[in-house]
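To be precise, the following lines are work-v9.cif, and they hold mmCIF, C-alpha atoms; chains and numbers go by the auth columns.
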data_protein
loop_
_atom_site.group_PDB
_atom_site.id
_atom_site.type_symbol
_atom_site.label_atom_id
_atom_site.label_comp_id
_atom_site.label_asym_id
_atom_site.label_seq_id
_atom_site.Cartn_x
_atom_site.Cartn_y
_atom_site.Cartn_z
_atom_site.B_iso_or_equiv
_atom_site.auth_seq_id
_atom_site.auth_asym_id
ATOM 1 C CA MET A 1 157.204 69.799 132.998 0.00 1247 D
ATOM 2 C CA LEU A 2 160.484 71.176 134.364 0.00 1248 D
ATOM 3 C CA THR A 3 160.342 74.105 131.938 0.00 1249 D
ATOM 4 C CA LEU A 4 156.805 74.880 133.122 0.00 1250 D
ATOM 5 C CA LEU A 5 158.087 74.899 136.712 0.00 1251 D
ATOM 6 C CA GLN A 6 160.691 77.488 135.753 0.00 1252 D
ATOM 7 C CA ILE A 7 157.879 80.007 135.310 0.00 1253 D
ATOM 8 C CA VAL A 8 155.355 78.777 137.895 0.00 1254 D
ATOM 9 C CA LEU A 9 157.538 77.802 140.861 0.00 1255 D
ATOM 10 C CA PRO A 10 159.021 81.239 141.684 0.00 1256 D
ATOM 11 C CA ILE A 11 155.518 82.743 141.528 0.00 1257 D
ATOM 12 C CA TYR A 12 154.112 80.104 143.867 0.00 1258 D
ATOM 13 C CA LEU A 13 157.013 80.405 146.298 0.00 1259 D
ATOM 14 C CA VAL A 14 157.042 84.196 146.521 0.00 1260 D
ATOM 15 C CA LYS A 15 153.323 84.161 147.297 0.00 1261 D
ATOM 16 C CA ASN A 16 153.865 81.729 150.170 0.00 1262 D
ATOM 17 C CA ARG A 17 157.323 82.630 151.534 0.00 1263 D
ATOM 18 C CA ASN A 18 159.104 85.806 152.519 0.00 1264 D
ATOM 19 C CA ILE A 19 162.724 84.667 152.777 0.00 1265 D
ATOM 20 C CA LEU A 20 165.369 82.752 150.871 0.00 1266 D
ATOM 21 C CA ASP A 21 166.038 79.686 152.996 0.00 1267 D
ATOM 22 C CA PHE A 22 167.625 76.229 153.064 0.00 1268 D
ATOM 23 C CA LYS A 23 164.576 74.294 151.813 0.00 1269 D
ATOM 24 C CA VAL A 24 163.989 76.445 148.741 0.00 1270 D
ATOM 25 C CA SER A 25 167.672 76.550 147.798 0.00 1271 D
ATOM 26 C CA LEU A 26 168.011 72.775 148.180 0.00 1272 D
ATOM 27 C CA LEU A 27 164.860 72.225 146.110 0.00 1273 D
ATOM 28 C CA TYR A 28 166.210 74.413 143.329 0.00 1274 D
ATOM 29 C CA GLY A 29 169.570 72.670 143.623 0.00 1275 D
ATOM 30 C CA LEU A 30 167.900 69.305 142.954 0.00 1276 D
ATOM 31 C CA LEU A 31 166.035 70.789 139.983 0.00 1277 D
ATOM 32 C CA PHE A 32 169.310 72.257 138.709 0.00 1278 D
ATOM 33 C CA MET A 33 170.865 68.799 138.798 0.00 1279 D
ATOM 34 C CA TYR A 34 168.175 67.618 136.365 0.00 1280 D
ATOM 35 C CA ASN A 35 167.920 70.767 134.268 0.00 1281 D
ATOM 36 C CA ARG A 36 170.497 73.518 134.556 0.00 1282 D
ATOM 37 C CA ALA A 37 168.046 76.106 133.261 0.00 1283 D
ATOM 38 C CA SER A 38 166.413 75.850 136.707 0.00 1284 D
ATOM 39 C CA PHE A 39 169.058 78.319 137.874 0.00 1285 D
ATOM 40 C CA VAL A 40 167.167 81.002 135.938 0.00 1286 D
ATOM 41 C CA SER A 41 164.016 80.161 137.882 0.00 1287 D
ATOM 42 C CA TYR A 42 166.026 80.441 141.108 0.00 1288 D
ATOM 43 C CA VAL A 43 167.227 83.892 140.080 0.00 1289 D
ATOM 44 C CA ILE A 44 163.638 84.896 139.299 0.00 1290 D
ATOM 45 C CA TYR A 45 162.562 83.826 142.788 0.00 1291 D
ATOM 46 C CA VAL A 46 165.392 85.839 144.391 0.00 1292 D
ATOM 47 C CA PHE A 47 164.379 88.846 142.283 0.00 1293 D
ATOM 48 C CA PHE A 48 160.725 88.472 143.308 0.00 1294 D
ATOM 49 C CA LEU A 49 161.771 88.370 146.981 0.00 1295 D
ATOM 50 C CA TYR A 50 163.688 91.602 146.464 0.00 1296 D
ATOM 51 C CA LEU A 51 160.617 93.247 144.910 0.00 1297 D
ATOM 52 C CA LYS A 52 158.437 91.953 147.737 0.00 1298 D
ATOM 53 C CA ASN A 53 160.690 92.809 150.697 0.00 1299 D
ATOM 54 C CA LYS A 54 162.441 95.847 149.185 0.00 1300 D
ATOM 55 C CA LYS A 55 165.795 94.589 150.506 0.00 1301 D
ATOM 56 C CA PHE A 56 168.558 92.152 149.561 0.00 1302 D
ATOM 57 C CA ASN A 57 170.711 90.227 152.068 0.00 1303 D
ATOM 58 C CA PHE A 58 173.904 89.486 150.152 0.00 1304 D
ATOM 59 C CA LEU A 59 175.440 87.214 152.810 0.00 1305 D
ATOM 60 C CA ASN A 60 172.278 85.142 153.041 0.00 1306 D
ATOM 61 C CA PHE A 61 172.249 84.896 149.242 0.00 1307 D
ATOM 62 C CA LEU A 62 175.855 83.586 149.195 0.00 1308 D
ATOM 63 C CA LYS A 63 175.021 81.017 151.872 0.00 1309 D
ATOM 64 C CA ASN A 64 172.028 79.787 149.890 0.00 1310 D
ATOM 65 C CA ILE A 65 174.029 79.634 146.661 0.00 1311 D
ATOM 66 C CA VAL A 66 176.338 77.146 148.410 0.00 1312 D
ATOM 67 C CA ILE A 67 173.302 75.104 149.453 0.00 1313 D
ATOM 68 C CA PHE A 68 171.938 75.351 145.919 0.00 1314 D
ATOM 69 C CA LEU A 69 175.167 73.856 144.491 0.00 1315 D
ATOM 70 C CA ILE A 70 175.352 70.883 146.906 0.00 1316 D
ATOM 71 C CA PRO A 71 173.279 68.362 144.846 0.00 1317 D
ATOM 72 C CA PHE A 72 175.098 69.150 141.604 0.00 1318 D
ATOM 73 C CA SER A 73 178.487 69.020 143.354 0.00 1319 D
ATOM 74 C CA PHE A 74 177.775 65.518 144.673 0.00 1320 D
ATOM 75 C CA TYR A 75 176.584 64.492 141.218 0.00 1321 D
ATOM 76 C CA ARG A 76 179.820 65.646 139.578 0.00 1322 D
ATOM 77 C CA LEU A 77 181.891 64.168 142.417 0.00 1323 D
ATOM 78 C CA PHE A 78 180.450 60.750 141.580 0.00 1324 D
ATOM 79 C CA PHE A 79 181.946 61.029 138.090 0.00 1325 D
ATOM 80 C CA VAL A 80 185.306 62.163 139.412 0.00 1326 D
ATOM 81 C CA ILE A 81 185.536 59.360 142.003 0.00 1327 D
ATOM 82 C CA ASN A 82 184.659 56.712 139.415 0.00 1328 D
ATOM 83 C CA ASN A 83 186.912 58.252 136.771 0.00 1329 D
ATOM 84 C CA LEU A 84 183.991 58.748 134.380 0.00 1330 D
ATOM 85 C CA LYS A 85 183.999 61.286 131.576 0.00 1331 D
ATOM 86 C CA THR A 86 181.016 63.559 131.103 0.00 1332 D
ATOM 87 C CA PHE A 87 179.536 64.419 127.724 0.00 1333 D
ATOM 88 C CA ASP A 88 177.113 67.293 127.260 0.00 1334 D
ATOM 89 C CA THR A 89 175.387 66.767 123.925 0.00 1335 D
ATOM 90 C CA ASN A 90 173.635 70.151 124.223 0.00 1336 D
ATOM 91 C CA THR A 91 177.001 71.893 124.226 0.00 1337 D
ATOM 92 C CA GLU A 92 179.117 69.515 122.145 0.00 1338 D
ATOM 93 C CA THR A 93 176.567 68.778 119.397 0.00 1339 D
ATOM 94 C CA TYR A 94 174.229 71.761 119.336 0.00 1340 D
ATOM 95 C CA GLN A 95 176.568 74.367 120.872 0.00 1341 D
ATOM 96 C CA GLN A 96 173.712 75.677 122.996 0.00 1342 D
ATOM 97 C CA PHE A 97 174.796 78.930 124.652 0.00 1343 D
ATOM 98 C CA SER A 98 178.475 78.005 124.112 0.00 1344 D
ATOM 99 C CA TRP A 99 178.252 79.503 120.601 0.00 1345 D
ATOM 100 C CA ILE A 100 178.561 82.947 122.231 0.00 1346 D
ATOM 101 C CA VAL A 101 182.061 82.070 123.466 0.00 1347 D
ATOM 102 C CA ASP A 102 182.919 80.640 120.034 0.00 1348 D
ATOM 103 C CA TYR A 103 181.669 83.831 118.394 0.00 1349 D
ATOM 104 C CA PHE A 104 184.162 85.986 120.284 0.00 1350 D
ATOM 105 C CA THR A 105 187.039 83.473 120.195 0.00 1351 D
ATOM 106 C CA GLY A 106 186.731 82.514 116.528 0.00 1352 D
ATOM 107 C CA GLY A 107 185.501 78.983 117.231 0.00 1353 D
ATOM 108 C CA ASN A 108 183.259 76.860 115.042 0.00 1354 D
ATOM 109 C CA ARG A 109 179.707 78.128 114.577 0.00 1355 D
ATOM 110 C CA LYS A 110 176.673 76.648 112.835 0.00 1356 D
ATOM 111 C CA TYR A 111 174.045 78.057 110.479 0.00 1357 D
ATOM 112 C CA GLY A 112 170.823 76.675 109.006 0.00 1358 D
ATOM 113 C CA GLU A 113 168.446 74.015 110.378 0.00 1359 D
ATOM 114 C CA TYR A 114 167.355 76.225 113.305 0.00 1360 D
ATOM 115 C CA PHE A 115 170.970 77.275 114.052 0.00 1361 D
ATOM 116 C CA CYS A 116 171.682 80.997 114.217 0.00 1362 D
ATOM 117 C CA HIS A 117 175.117 81.764 115.681 0.00 1363 D
ATOM 118 C CA ARG A 118 175.356 85.445 114.815 0.00 1364 D
ATOM 119 C CA ILE A 119 175.260 88.666 116.788 0.00 1365 D
ATOM 120 C CA PRO A 120 172.846 90.427 116.531 0.00 1366 D
ATOM 121 C CA GLY A 121 171.366 88.007 113.963 0.00 1367 D
ATOM 122 C CA PHE A 122 170.227 85.584 116.659 0.00 1368 D
ATOM 123 C CA ILE A 123 167.663 88.185 117.781 0.00 1369 D
ATOM 124 C CA LYS A 124 166.059 88.191 114.327 0.00 1370 D
ATOM 125 C CA CYS A 125 166.005 84.364 114.299 0.00 1371 D
ATOM 126 C CA TYR A 126 164.420 84.266 117.750 0.00 1372 D
ATOM 127 C CA LEU A 127 161.771 86.836 116.853 0.00 1373 D
ATOM 128 C CA GLU A 128 160.918 84.940 113.656 0.00 1374 D
ATOM 129 C CA GLY A 129 160.583 81.761 115.714 0.00 1375 D
ATOM 130 C CA THR A 130 158.363 83.640 118.158 0.00 1376 D
ATOM 131 C CA LEU A 131 156.043 84.708 115.329 0.00 1377 D
ATOM 132 C CA ASP A 132 155.946 81.081 114.148 0.00 1378 D
ATOM 133 C CA LEU A 133 154.921 80.032 117.664 0.00 1379 D
ATOM 134 C CA PHE A 134 152.152 82.652 117.696 0.00 1380 D
ATOM 135 C CA SER A 135 150.960 81.231 114.377 0.00 1381 D
ATOM 136 C CA TYR A 136 151.199 77.670 115.690 0.00 1382 D
ATOM 137 C CA LEU A 137 149.307 78.413 118.925 0.00 1383 D
ATOM 138 C CA LEU A 138 146.992 81.087 117.540 0.00 1384 D
ATOM 139 C CA ILE A 139 143.752 79.985 119.239 0.00 1385 D
ATOM 140 C CA PRO A 140 145.380 79.245 122.632 0.00 1386 D
ATOM 141 C CA LEU A 141 147.145 82.613 122.330 0.00 1387 D
ATOM 142 C CA LEU A 142 143.875 84.491 121.748 0.00 1388 D
ATOM 143 C CA ILE A 143 142.200 82.807 124.724 0.00 1389 D
ATOM 144 C CA SER A 144 145.240 83.374 126.948 0.00 1390 D
ATOM 145 C CA LEU A 145 145.084 87.090 126.106 0.00 1391 D
ATOM 146 C CA LEU A 146 141.519 87.122 127.452 0.00 1392 D
ATOM 147 C CA CYS A 147 142.836 85.500 130.625 0.00 1393 D
ATOM 148 C CA LEU A 148 145.666 88.014 130.815 0.00 1394 D
ATOM 149 C CA TYR A 149 143.180 90.870 130.537 0.00 1395 D
ATOM 150 C CA PHE A 150 141.130 89.312 133.347 0.00 1396 D
ATOM 151 C CA LEU A 151 144.245 89.129 135.562 0.00 1397 D
ATOM 152 C CA PHE A 152 145.105 92.741 134.797 0.00 1398 D
ATOM 153 C CA LYS A 153 141.637 93.808 135.919 0.00 1399 D
ATOM 154 C CA ASN A 154 141.334 91.550 138.980 0.00 1400 D
ATOM 155 C CA ASN A 155 144.789 90.487 140.178 0.00 1401 D
ATOM 156 C CA LYS A 156 147.514 92.880 139.069 0.00 1402 D
ATOM 157 C CA ASN A 157 150.111 91.275 141.347 0.00 1403 D
ATOM 158 C CA LEU A 158 149.760 87.880 139.671 0.00 1404 D
ATOM 159 C CA PHE A 159 149.565 89.597 136.271 0.00 1405 D
ATOM 160 C CA TYR A 160 152.964 91.256 136.732 0.00 1406 D
ATOM 161 C CA LEU A 161 154.564 88.155 138.283 0.00 1407 D
ATOM 162 C CA ILE A 162 153.611 86.054 135.252 0.00 1408 D
ATOM 163 C CA LEU A 163 154.815 88.732 132.828 0.00 1409 D
ATOM 164 C CA ILE A 164 158.162 89.209 134.583 0.00 1410 D
ATOM 165 C CA SER A 165 158.800 85.487 134.985 0.00 1411 D
ATOM 166 C CA THR A 166 157.928 84.823 131.339 0.00 1412 D
ATOM 167 C CA PHE A 167 160.058 87.708 130.069 0.00 1413 D
ATOM 168 C CA ILE A 168 163.151 86.583 132.003 0.00 1414 D
ATOM 169 C CA VAL A 169 162.808 82.967 130.862 0.00 1415 D
ATOM 170 C CA TYR A 170 162.114 84.157 127.297 0.00 1416 D
ATOM 171 C CA SER A 171 165.239 86.344 127.344 0.00 1417 D
ATOM 172 C CA PHE A 172 167.338 83.467 128.674 0.00 1418 D
ATOM 173 C CA TRP A 173 166.320 81.047 125.912 0.00 1419 D
ATOM 174 C CA SER A 174 166.973 83.725 123.292 0.00 1420 D
ATOM 175 C CA LEU A 175 170.698 83.069 123.804 0.00 1421 D
ATOM 176 C CA ILE A 176 170.575 79.352 123.050 0.00 1422 D
ATOM 177 C CA GLY A 177 171.566 79.774 119.372 0.00 1423 D
ATOM 178 C CA TRP A 178 169.289 76.951 118.204 0.00 1424 D
ATOM 179 C CA TYR A 179 165.683 77.932 117.651 0.00 1425 D
ATOM 180 C CA PRO A 180 163.163 75.170 116.976 0.00 1426 D
ATOM 181 C CA LEU A 181 159.702 76.059 118.271 0.00 1427 D
ATOM 182 C CA ARG A 182 160.036 73.921 121.371 0.00 1428 D
ATOM 183 C CA PHE A 183 162.649 76.220 122.910 0.00 1429 D
ATOM 184 C CA ILE A 184 160.442 79.264 122.372 0.00 1430 D
ATOM 185 C CA TYR A 185 157.571 77.231 123.826 0.00 1431 D
ATOM 186 C CA TYR A 186 159.603 76.885 127.036 0.00 1432 D
ATOM 187 C CA SER A 187 158.789 80.506 127.821 0.00 1433 D
ATOM 188 C CA ILE A 188 155.805 81.897 125.929 0.00 1434 D
ATOM 189 C CA GLY A 189 154.215 78.504 125.313 0.00 1435 D
ATOM 190 C CA ASN A 190 154.339 77.622 128.997 0.00 1436 D
ATOM 191 C CA ALA A 191 152.988 81.048 129.910 0.00 1437 D
ATOM 192 C CA ILE A 192 150.052 80.433 127.554 0.00 1438 D
ATOM 193 C CA THR A 193 149.456 77.074 129.269 0.00 1439 D
ATOM 194 C CA VAL A 194 149.456 78.708 132.717 0.00 1440 D
ATOM 195 C CA LEU A 195 147.033 81.410 131.593 0.00 1441 D
ATOM 196 C CA LEU A 196 144.684 78.854 130.014 0.00 1442 D
ATOM 197 C CA ILE A 197 144.569 76.873 133.258 0.00 1443 D
ATOM 198 C CA LEU A 198 143.955 80.000 135.337 0.00 1444 D
ATOM 199 C CA GLY A 199 141.275 81.116 132.905 0.00 1445 D
ATOM 200 C CA TYR A 200 139.470 77.785 133.092 0.00 1446 D
ATOM 201 C CA PHE A 201 139.015 78.108 136.850 0.00 1447 D
ATOM 202 C CA TYR A 202 138.701 81.882 137.306 0.00 1448 D
ATOM 203 C CA LEU A 203 136.677 82.912 134.257 0.00 1449 D
ATOM 204 C CA ASN A 204 134.047 80.185 134.445 0.00 1450 D
ATOM 205 C CA SER A 205 131.559 79.583 137.233 0.00 1451 D
ATOM 206 C CA ASN A 206 129.446 76.786 135.727 0.00 1452 D
ATOM 207 C CA PHE A 207 129.818 73.693 133.580 0.00 1453 D
ATOM 208 C CA PHE A 208 128.416 75.237 130.404 0.00 1454 D
ATOM 209 C CA SER A 209 130.809 78.170 130.628 0.00 1455 D
ATOM 210 C CA LYS A 210 133.755 75.773 131.094 0.00 1456 D
ATOM 211 C CA PHE A 211 132.534 73.742 128.125 0.00 1457 D
ATOM 212 C CA LEU A 212 132.382 76.793 125.838 0.00 1458 D
ATOM 213 C CA TYR A 213 135.804 77.892 127.092 0.00 1459 D
ATOM 214 C CA SER A 214 137.334 74.475 126.323 0.00 1460 D
ATOM 215 C CA LEU A 215 135.574 73.827 123.005 0.00 1461 D
ATOM 216 C CA PRO A 216 137.778 75.989 120.715 0.00 1462 D
ATOM 217 C CA LEU A 217 140.894 74.526 122.338 0.00 1463 D
ATOM 218 C CA ILE A 218 139.663 70.970 121.851 0.00 1464 D
ATOM 219 C CA ILE A 219 138.761 71.592 118.199 0.00 1465 D
ATOM 220 C CA TYR A 220 142.073 73.339 117.528 0.00 1466 D
ATOM 221 C CA PHE A 221 144.381 70.826 119.197 0.00 1467 D
ATOM 222 C CA ILE A 222 142.695 67.799 117.629 0.00 1468 D
ATOM 223 C CA TYR A 223 143.651 68.989 114.139 0.00 1469 D
ATOM 224 C CA LEU A 224 146.925 70.793 114.899 0.00 1470 D
ATOM 225 C CA THR A 225 149.973 69.247 113.196 0.00 1471 D
ATOM 226 C CA MET A 226 153.387 68.699 114.812 0.00 1472 D
ATOM 227 C CA TRP A 227 155.397 71.814 115.682 0.00 1473 D
ATOM 228 C CA ASN A 228 158.256 70.745 113.373 0.00 1474 D
ATOM 229 C CA ASN A 229 156.051 70.991 110.289 0.00 1475 D
ATOM 230 C CA PRO A 230 158.380 72.547 107.641 0.00 1476 D
ATOM 231 C CA ASP A 231 155.506 74.651 106.285 0.00 1477 D
ATOM 232 C CA PRO A 232 154.116 77.004 108.956 0.00 1478 D
ATOM 233 C CA SER A 233 151.190 77.904 106.678 0.00 1479 D
ATOM 234 C CA SER A 234 149.894 74.326 106.966 0.00 1480 D
ATOM 235 C CA TYR A 235 149.921 74.010 110.763 0.00 1481 D
ATOM 236 C CA ILE A 236 146.144 73.736 110.629 0.00 1482 D
ATOM 237 C CA ASP A 237 143.387 73.946 107.990 0.00 1483 D
ATOM 238 C CA ASN A 238 141.691 77.315 107.613 0.00 1484 D
ATOM 239 C CA ASP A 239 138.256 75.723 108.101 0.00 1485 D
ATOM 240 C CA ILE A 240 139.288 74.440 111.530 0.00 1486 D
ATOM 241 C CA LEU A 241 140.826 77.788 112.399 0.00 1487 D
ATOM 242 C CA ILE A 242 137.646 79.654 111.445 0.00 1488 D
ATOM 243 C CA THR A 243 135.517 77.185 113.425 0.00 1489 D
ATOM 244 C CA SER A 244 137.713 77.709 116.498 0.00 1490 D
ATOM 245 C CA VAL A 245 137.460 81.501 116.168 0.00 1491 D
ATOM 246 C CA ILE A 246 133.660 81.267 115.889 0.00 1492 D
ATOM 247 C CA THR A 247 133.478 79.177 119.074 0.00 1493 D
ATOM 248 C CA ILE A 248 135.631 81.772 120.861 0.00 1494 D
ATOM 249 C CA LEU A 249 133.196 84.500 119.772 0.00 1495 D
ATOM 250 C CA ILE A 250 130.280 82.400 121.058 0.00 1496 D
ATOM 251 C CA TYR A 251 132.060 82.075 124.413 0.00 1497 D
ATOM 252 C CA VAL A 252 132.756 85.833 124.598 0.00 1498 D
ATOM 253 C CA PHE A 253 129.118 86.609 123.709 0.00 1499 D
ATOM 254 C CA TYR A 254 127.926 84.194 126.401 0.00 1500 D
ATOM 255 C CA LYS A 255 130.196 85.760 129.038 0.00 1501 D
ATOM 256 C CA PHE A 256 129.124 89.270 128.002 0.00 1502 D
ATOM 257 C CA LYS A 257 125.481 88.232 128.320 0.00 1503 D
ATOM 258 C CA LEU A 258 126.073 86.843 131.821 0.00 1504 D
ATOM 259 C CA LEU A 259 127.869 90.028 132.844 0.00 1505 D
ATOM 260 C CA LYS A 260 125.018 92.129 131.490 0.00 1506 D
ATOM 261 C CA GLU A 261 122.452 90.085 133.438 0.00 1507 D
ATOM 262 C CA LYS A 262 124.428 90.622 136.677 0.00 1508 D
ATOM 263 C CA ILE A 263 124.473 94.371 136.087 0.00 1509 D
#

How would this structure read if it were set down as structure tokens?
Amino acid sequence: MLTLLQIVLPIYLVKNRNILDFKVSLLYGLLFMYNRASFVSYVIYVFFLYLKNKKFNFLNFLKNIVIFLIPFSFYRLFFVINNLKTFDTNTETYQQFSWIVDYFTGGNRKYGEYFCHRIPGFIKCYLEGTLDLFSYLLIPLLISLLCLYFLFKNNKNLFYLILISTFIVYSFWSLIGWYPLRFIYYSIGNAITVLLILGYFYLNSNFFSKFLYSLPLIIYFIYLTMWNNPDPSSYIDNDILITSVITILIYVFYKFKLLKEKI
């Protein structure tokens, strides 16, 4: 849920607020305390404000950064006061992001089992994982592309906000150095989820249309195996895949027929 917020929250906020203020910075600070990747979402929001207002107040940004860091500072202070040691398993065990420092300093790096601590080799690993995700979420991906096309035609502002937010989050997770599908899902997978939800409400005006829209997703997800399946070719049976594609075509034909009747 927090990774979904990283994409959605800056879009929601920039549509409803025009300034970087105490409340937003404190909210992001609390999210950062739970998941440090929330800082990326905060940066996205600041960037969106710049695009919206065409100006950047550096002093106000510094003030809000201090506010942003308050929750995490109190959290770490608790450990210091009680003489407790912290342990970050993401860094210590999986070397997430820290592998970049190790790469340039000659530290220990890992390979195999989703690890890819090479430059520029990590890009190849990430792109291969992205293709695996496309294969894993093929039917949701196809439907989300329909939704994306609808946004491009009817709401270009939201279209570009989703694309920018997704791209920044996607680029951030590319540096993690450990590439199981779930980390790639944090960006593109969540974007697909957002588009599917938007499509359900904006593309369909009656119950039958919503039913046809949901049917291929229901069929697909019922038979989809776990993402950590070692054989990507067996994510789902071909018969189920073909059935899902057919139901998508039925939905598209139905929508085209409705559009034709309106014309």

Using all atoms listed in the file, tabulate the residues of segment 1331-1405 of chain D lying at most 10 Å from any atom of segment 1435-1452 of chain D, each with its closest atom pair and that distance in Å to one decimal, by chain and increasing residue number, as a tab-separated table.
residue	atom	partner	partner_atom	distance
D:Thr1376	CA	D:Gly1435	CA	9.7
D:Leu1379	CA	D:Gly1435	CA	7.8
D:Phe1380	CA	D:Gly1435	CA	8.9
D:Leu1383	CA	D:Gly1435	CA	8.1
D:Pro1386	CA	D:Ile1438	CA	6.9
D:Leu1387	CA	D:Ile1438	CA	6.4
D:Leu1388	CA	D:Ile1438	CA	9.4
D:Ile1389	CA	D:Leu1442	CA	7.1
D:Ser1390	CA	D:Leu1441	CA	5.4
D:Leu1391	CA	D:Leu1441	CA	8.1
D:Leu1392	CA	D:Gly1445	CA	8.1
D:Cys1393	CA	D:Gly1445	CA	5.2
D:Leu1394	CA	D:Leu1441	CA	6.8
D:Phe1396	CA	D:Leu1449	CA	7.8
D:Leu1397	CA	D:Gly1445	CA	8.9
D:Phe1405	CA	D:Leu1441	CA	9.8

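Selection result for the displayed file, with the PyMOL selection byres ((chain D and resi 1403) around 12) as criterion, is Ile1257, Val1260, Lys1261, Phe1294, Leu1297, Lys1298, Leu1394, Leu1397, Phe1398, Lys1399, Asn1400, Asn1401, Lys1402, Leu1404, Phe1405, Tyr1406, Leu1407, Ile1408, Leu1409 and Ile1410 of chain D.
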
Env of Leu1495 of chain D: 10 Å cut, atoms = only C-alpha atoms, seq-sep filter 6 positions within chain, self excluded. Answer as a CSV table (one decimal) with C-alpha atoms, in the frame of the given file.
chain,number,residue,atom,x,y,z
D,1458,LEU,CA,132.4,76.8,125.8
D,1462,PRO,CA,137.8,76.0,120.7
D,1489,THR,CA,135.5,77.2,113.4
D,1501,LYS,CA,130.2,85.8,129.0

Report summary line: Using only C-alpha atoms, the residue out of D:Tyr1497, D:Tyr1469, D:Leu1266, D:Phe1325 with shortest distance to Asp1485 of chain D is D:Tyr1469

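In terms of minimum interatomic distance to Leu1308 of chain D, D:Phe1268 ranks closest within D:Phe1368, D:Phe1268, D:Tyr1431, D:Trp1473, counting all atoms listed in the file.
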
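Using the PyMOL selection byres ((chain D and resi 1483) around 12) on this structure selects D:Tyr1382, D:Ile1465, D:Tyr1466, D:Phe1467, D:Ile1468, D:Tyr1469, D:Leu1470, D:Thr1471, D:Pro1478, D:Ser1479, D:Ser1480, D:Tyr1481, D:Ile1482, D:Asn1484, D:Asp1485, D:Ile1486, D:Leu1487, D:Ile1488, D:Thr1489, D:Ser1490.
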
Report task. Check what the PyMOL selection byres ((chain D and resi 1276) around 9) selects in the file above and give those residues as a VMD selection string. Result -> chain D and resid 1271 to 1275 1277 to 1281 1314 to 1318

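Shortest separation to Tyr1500 of chain D among D:Lys1331, D:Ser1455, D:Val1347, D:Ser1460 occurs at residue D:Ser1455, atoms counted being only C-alpha atoms.
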
Query raised in the report: For Phe1499 of chain D, which residue among D:Gln1342, D:Tyr1459, D:Val1312, D:Leu1295 is the nearest when counting all atoms listed in the file?
Result: D:Tyr1459

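Shortest separation to Cys1362 of chain D among D:Tyr1425, D:Trp1419, D:Phe1333, D:Phe1343 occurs at residue D:Tyr1425, atoms counted being all atoms listed in the file.
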
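Here atom CA of Ser1284 of chain D stands at a distance of 6.0 Å from atom CA of Gln1252 of chain D.
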
Query - d(atom CA of Ile1422 of chain D, atom CA of Leu1250 of chain D) in Å - result: 17.6 Å

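Each of D:Thr1493, D:Ser1420, D:Thr1412, D:Asn1354 was checked against Ser1433 of chain D using only C-alpha atoms; the smallest atom-to-atom distance is that of D:Thr1412.
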
Report summary line: One decimal place gives the atom CA of Leu1427 of chain D-atom CA of Lys1370 of chain D separation as 14.3 Å

Query - Who sits within 12 Å of Cys1371 of chain D, all atoms listed in the file, same chain under 3 positions skipped, as an MDAnalysis selection string - result: chainID D and resid 1357:1368 1374:1378 1420:1427 1430
